[in-house]
Amino acid sequence: MSEFILSDSDRQQLVELFLVEAEEVLGQFEALLLQLEKTPERHELLHEIFRAAHTLKGNASCLQFTELTGFAHVVEGTLDRLRNREIEPTPARISRLLDSVDVLRNLATRSIAGQCALTESEQSLLAALSMEEPSAEEPAAAPAAPAQEADGAAKPVLRSLRVDMDKLDRMLDLNGEITIARGRVHDLLAAGQPPEKVIDAVREVDRLSLNLQELVMSARLVPVGPSLRHFHRVVRDLASVSRKRVNLMIEGNEVEVDATVIEHLKDPITQMIRNAVDHGIETPDERVARGKPPAGTVRISASHDSGAVVIRISDDGRGLSETDIGRQARSRGIDTDRLSRQEVLGLIFQPGFSTAKRVTEISGRGVGMDVVLANVQSLRGTVNVSSQPGAGTTITMRLPLTVALIEGFAVAVGEEIYIIPVDAIVECIEMPRSGAREARGVLHLRGTPVPFVRLRDLFDLRSPLPARENAVIVQHEQRLAGIVVDELLGGRQTVMKPIGRMLRRAIGVAGSSILGNGRVALILDPQEIVRRAADRVPSTSAA
């Protein structure tokens with residue numbers, strides 16, 4: 001019998017598919033275990049959990065991931081005893097199986113890079129699981145092999161997305177229609193037809209291209225529910241460490257948002273949940289004494305609002321202490337008397353800002369909320385916090401549905417074109433006539449002092465000065481700033497491209513776009529420009 005040998009490309013495709021399926025299977029495994037912990041009487045859950053473990057073991061075996069296969073086999077043995085009622089699904093066993101999910105997820109990634117040897121803690125967990133085995137006659141996990149050196153760094157994990165086949169079929173149809181329409185334009189030009197006919201044909205190509213673009217963008221949209229499901233495990237583990245009782249409620253599972261947005265939201269949501277459980281939710285005794293149920297609630301809700309997605313993370317805990325925030329702010333030299341209540345609460349997003357009276361395993365070092373703000377702003381979103389003493393805290397994130405396409409407003413400085421996101425623009429005005437052409441300053445907008453910055457000075461452009469300049473007034477966190485440009489070109493839909501390494505540290509640049517003439521236009525970051533305009537003009541506050 002001849003042995004079938006996979007080519008390198010075929011094996012790589014299988015490995016990428018394995019990673020995607022492993023993440024799905026382990027996510028289901030974890031969710032079912034959490035359900036079993038809450039409802040141990042639902043014995044049918046064990047059959048589904050067992051099937052998940054068996055599927056993972058079979059897939060790992062096909063790719064000859066020996067250590068992963070052996071570990072999954074031992075987990076499978078424990079699950080088999082549970083479903084045969086030889087042992088009970090106690091909280092300790094559920095915790096051990098949840099730890100096993102983490103090990104299996106880690107092993108799946110490490111096995112691809114050849115780093116599959118079990119660590120000391122993983123071997124200890126394996127030994128604890130092996131004690132659940134009914135007899136020594138069953139196959140044991142393969143012994144841990146000596147640590148293998150990976151071929152360089154671990155290979156990058158494939159970013160995948162499930163797309164409905166109907167959408168793919170429609171994309172294929174549209175692509176064919178665009179090819180036919182382009183051929184018609186070519187034939188009309190070759191035949192020397194009147195410009196009116198050529199223009200009509202070009203408009204048809206534009207219409208079909210726009211339909212394809214909208215379909216591709218819709219294919220990137222995914223429901224938030226599956227991506228939020230693993231936070232049940234996060235809340236469960238944090239509550240266990242804090243010795244609290246906390247339930248997680250997720251609302252708006254069907255709300256769709258760009259897959260890239262979901263990827264960037266995982267860390268911010270995790271940080272906010274950690275703070276809610278550690279600082280917000282009281283202990284069961286405290287809650288009962290305050291007339292609350294002993295178990296606290298953390299709620300994640302998602303909804304659509306005017307072309308954006310709004311995600312709220314709320315809790316019914318003790319709320320934020322404005323007194324503690326003010327005390328910490330004053331110790332950092334911040335005059336809270338001149339701040340609104342919303343601005344005082346927003347101080348929690350400053351780096352290193354913490355009102356925790358003690359540092360715990362979970363939080364308290366003032367690290368995290370500034371990262372939340374940075375991640376949300378990198379998606380062109382906003383974040384706000386509201387709180388009521390004794391009633392809880394709500395953090396609201398407002399984000400665009402997609403980060404690949406934006407409504408932009410084009411401006412020019414000399415021969416250079418820049419794009420400003422429309423959602424940040426308040427209005428456009430002519431700059432007052434003045435002999436001074438300072439790089440930064442303050443203009444008065446109906447009695448309100450507004451700091452401004454000239455793009456030609458920000459980017460050190462040497463083009464001739466125009467007779468008149470214009471200012472685009474943008475807003476960020478209730479603060480206004482003016483971006484002074486030579487010319488206003490108008491709105492346009494813009495495909496956002498990432499910037500190269502050379503421009504990653506450029507001031508006020510969020511991305512780039514390709515114009516119709518083939519030139520590159522930089523997409524401005526209004527948030528950064530607002531901050532810099534205000535920081536460079538200290539007289540604004542006094543005015």
# chains A, B, ... in the order shown; residues from 1 in each chain; ligands from 1
>>> select_by_dssp(residues="region 19-147 of chain A", states="alpha helix (DSSP H)", output="PyMOL selection string")
chain A and resi 19-38+44-62+66-83+91-112+120-130
>>> closest_atom_pairs(of="region 483-534 of chain A", to="region 374-395 of chain A", cutoff="9 Å", atoms="only C-alpha atoms", output="Markdown table")
| residue | atom | partner | partner_atom | distance |
| --- | --- | --- | --- | --- |
| A:Ala510 | CA | A:Ser378 | CA | 8.0 |
| A:Asp525 | CA | A:Arg380 | CA | 8.3 |
| A:Gln527 | CA | A:Gln377 | CA | 7.7 |
>>> residues_around(residues="Leu34 (chain A)", least_positions_apart="6", cutoff="9 Å", atoms="only C-alpha atoms", output="list in words")
Ile94, Leu98, His232, Arg233 and Arg236 of chain A
>>> write_last_selection(atoms="N, CA and C atoms", output="PDB file, in the first residue's frame")
ATOM      1  N   ILE A  94     -15.587  21.052  37.144  1.00  0.00           N
ATOM      2  CA  ILE A  94     -15.875  21.995  36.068  1.00  0.00           C
ATOM      3  C   ILE A  94     -14.703  22.964  35.902  1.00  0.00           C
ATOM      4  N   LEU A  98     -12.470  23.539  32.615  1.00  0.00           N
ATOM      5  CA  LEU A  98     -12.292  24.856  32.001  1.00  0.00           C
ATOM      6  C   LEU A  98     -10.811  25.179  31.832  1.00  0.00           C
ATOM      7  N   HIS A 232     -18.594  35.205  29.267  1.00  0.00           N
ATOM      8  CA  HIS A 232     -19.219  34.446  30.361  1.00  0.00           C
ATOM      9  C   HIS A 232     -18.127  33.775  31.199  1.00  0.00           C
ATOM     10  N   ARG A 233     -17.135  33.231  30.522  1.00  0.00           N
ATOM     11  CA  ARG A 233     -16.024  32.588  31.227  1.00  0.00           C
ATOM     12  C   ARG A 233     -15.208  33.628  31.993  1.00  0.00           C
ATOM     13  N   ARG A 236     -17.077  34.626  35.088  1.00  0.00           N
ATOM     14  CA  ARG A 236     -17.095  33.501  36.036  1.00  0.00           C
ATOM     15  C   ARG A 236     -15.775  33.383  36.791  1.00  0.00           C
TER      16      ARG A 236
END
>>> closest_residue(among="A:Leu172, A:Leu63, A:Ala506, A:Ile417", to="Val520 (chain A)", atoms="only C-alpha atoms")
A:Ile417
>>> closest_residue(among="A:Gly346, A:Pro432, A:Pro400, A:Gly482", to="Val261 (chain A)", atoms="only C-alpha atoms")
A:Pro400
>>> residues_around(residues="Asn106 (chain A)", least_positions_apart="5", cutoff="12 Å", atoms="only C-alpha atoms", output="PyMOL selection string")
chain A and resi 19+22-23+26+67-68+71+99-101+111-113+115-119+122
>>> write_last_selection(atoms="N, CA and C atoms", output="PDB file, in the first residue's frame")
ATOM      1  N   LEU A  19      -7.116  25.303  12.805  1.00  0.00           N
ATOM      2  CA  LEU A  19      -7.142  26.375  13.798  1.00  0.00           C
ATOM      3  C   LEU A  19      -8.523  27.008  13.905  1.00  0.00           C
ATOM      4  N   ALA A  22     -10.836  24.457  15.499  1.00  0.00           N
ATOM      5  CA  ALA A  22     -10.489  24.240  16.904  1.00  0.00           C
ATOM      6  C   ALA A  22     -11.028  25.362  17.770  1.00  0.00           C
ATOM      7  N   GLU A  23     -10.916  26.610  17.306  1.00  0.00           N
ATOM      8  CA  GLU A  23     -11.422  27.749  18.072  1.00  0.00           C
ATOM      9  C   GLU A  23     -12.931  27.668  18.226  1.00  0.00           C
ATOM     10  N   LEU A  26     -13.675  24.668  20.696  1.00  0.00           N
ATOM     11  CA  LEU A  26     -13.326  25.003  22.074  1.00  0.00           C
ATOM     12  C   LEU A  26     -14.240  26.089  22.646  1.00  0.00           C
ATOM     13  N   GLU A  67       0.899  15.428  21.264  1.00  0.00           N
ATOM     14  CA  GLU A  67       0.656  15.911  22.619  1.00  0.00           C
ATOM     15  C   GLU A  67      -0.765  16.445  22.765  1.00  0.00           C
ATOM     16  N   LEU A  68      -1.227  17.170  21.759  1.00  0.00           N
ATOM     17  CA  LEU A  68      -2.596  17.692  21.791  1.00  0.00           C
ATOM     18  C   LEU A  68      -3.605  16.556  21.772  1.00  0.00           C
ATOM     19  N   PHE A  71      -3.600  14.847  25.273  1.00  0.00           N
ATOM     20  CA  PHE A  71      -4.276  15.645  26.300  1.00  0.00           C
ATOM     21  C   PHE A  71      -5.781  15.600  26.093  1.00  0.00           C
ATOM     22  N   ASP A  99     -10.001  24.812  32.828  1.00  0.00           N
ATOM     23  CA  ASP A  99      -8.553  24.981  32.689  1.00  0.00           C
ATOM     24  C   ASP A  99      -8.026  24.146  31.515  1.00  0.00           C
ATOM     25  N   SER A 100      -8.640  22.987  31.322  1.00  0.00           N
ATOM     26  CA  SER A 100      -8.226  22.120  30.209  1.00  0.00           C
ATOM     27  C   SER A 100      -8.522  22.771  28.865  1.00  0.00           C
ATOM     28  N   VAL A 101      -9.631  23.509  28.789  1.00  0.00           N
ATOM     29  CA  VAL A 101      -9.957  24.222  27.551  1.00  0.00           C
ATOM     30  C   VAL A 101      -8.850  25.219  27.229  1.00  0.00           C
ATOM     31  N   SER A 111       1.304  23.811  18.751  1.00  0.00           N
ATOM     32  CA  SER A 111       1.630  22.615  17.982  1.00  0.00           C
ATOM     33  C   SER A 111       2.006  22.956  16.551  1.00  0.00           C
ATOM     34  N   ILE A 112       1.394  23.981  15.995  1.00  0.00           N
ATOM     35  CA  ILE A 112       1.680  24.379  14.618  1.00  0.00           C
ATOM     36  C   ILE A 112       3.119  24.864  14.482  1.00  0.00           C
ATOM     37  N   ALA A 113       3.627  25.518  15.545  1.00  0.00           N
ATOM     38  CA  ALA A 113       5.005  26.026  15.513  1.00  0.00           C
ATOM     39  C   ALA A 113       6.011  24.989  16.005  1.00  0.00           C
ATOM     40  N   GLN A 115       6.135  23.818  19.005  1.00  0.00           N
ATOM     41  CA  GLN A 115       6.393  24.016  20.437  1.00  0.00           C
ATOM     42  C   GLN A 115       5.287  23.326  21.230  1.00  0.00           C
ATOM     43  N   CYS A 116       5.270  21.994  21.173  1.00  0.00           N
ATOM     44  CA  CYS A 116       4.120  21.251  21.692  1.00  0.00           C
ATOM     45  C   CYS A 116       4.390  20.579  23.039  1.00  0.00           C
ATOM     46  N   ALA A 117       5.596  20.674  23.572  1.00  0.00           N
ATOM     47  CA  ALA A 117       5.878  20.042  24.861  1.00  0.00           C
ATOM     48  C   ALA A 117       5.048  20.691  25.960  1.00  0.00           C
ATOM     49  N   LEU A 118       4.511  19.869  26.869  1.00  0.00           N
ATOM     50  CA  LEU A 118       3.680  20.371  27.957  1.00  0.00           C
ATOM     51  C   LEU A 118       4.528  21.083  29.003  1.00  0.00           C
ATOM     52  N   THR A 119       4.014  22.192  29.504  1.00  0.00           N
ATOM     53  CA  THR A 119       4.688  22.896  30.586  1.00  0.00           C
ATOM     54  C   THR A 119       4.444  22.158  31.895  1.00  0.00           C
ATOM     55  N   GLU A 122       0.854  22.402  32.950  1.00  0.00           N
ATOM     56  CA  GLU A 122       0.000  21.574  32.090  1.00  0.00           C
ATOM     57  C   GLU A 122       0.143  20.102  32.446  1.00  0.00           C
TER      58      GLU A 122
END
>>> closest_residue(among="A:Ser160, A:Gly518, A:Arg446, A:Thr66", to="Gly114 (chain A)", atoms="only C-alpha atoms")
A:Thr66
>>> residues_around(residues="Ser340 (chain A)", least_positions_apart="6", cutoff="12 Å", atoms="only C-alpha atoms", output="NGL selection string")
:A and (322 or 326 or 346-347 or 478)
>>> write_last_selection(atoms="C-alpha atoms", output="short mmCIF file (atom, residue, chain, number, x, y, z; two decimals), in the first residue's frame")
data_model
loop_
_atom_site.label_atom_id
_atom_site.label_comp_id
_atom_site.auth_asym_id
_atom_site.auth_seq_id
_atom_site.Cartn_x
_atom_site.Cartn_y
_atom_site.Cartn_z
CA GLU A 322 -16.56 61.34 42.49
CA GLY A 326 -11.47 64.36 42.69
CA GLY A 346 -13.76 60.93 32.28
CA LEU A 347 -10.52 61.32 34.28
CA GLN A 478 -16.84 68.34 23.65
#
>>> residues_around(residues="region 427-429 of chain A", least_positions_apart="2", cutoff="10 Å", atoms="only C-alpha atoms", output="list in words")
Val422, Ala424, Ile425, Met431, Pro432, Leu445, Glu469, Asn470, Ala471, Val472, Ile473, Val474, Gln475, Gly482, Ile483, Val484 and Leu488 of chain A
>>> atom_distance(atom1="CA of Arg338 (chain A)", atom2="CA of Arg479 (chain A)")
14.5 Å
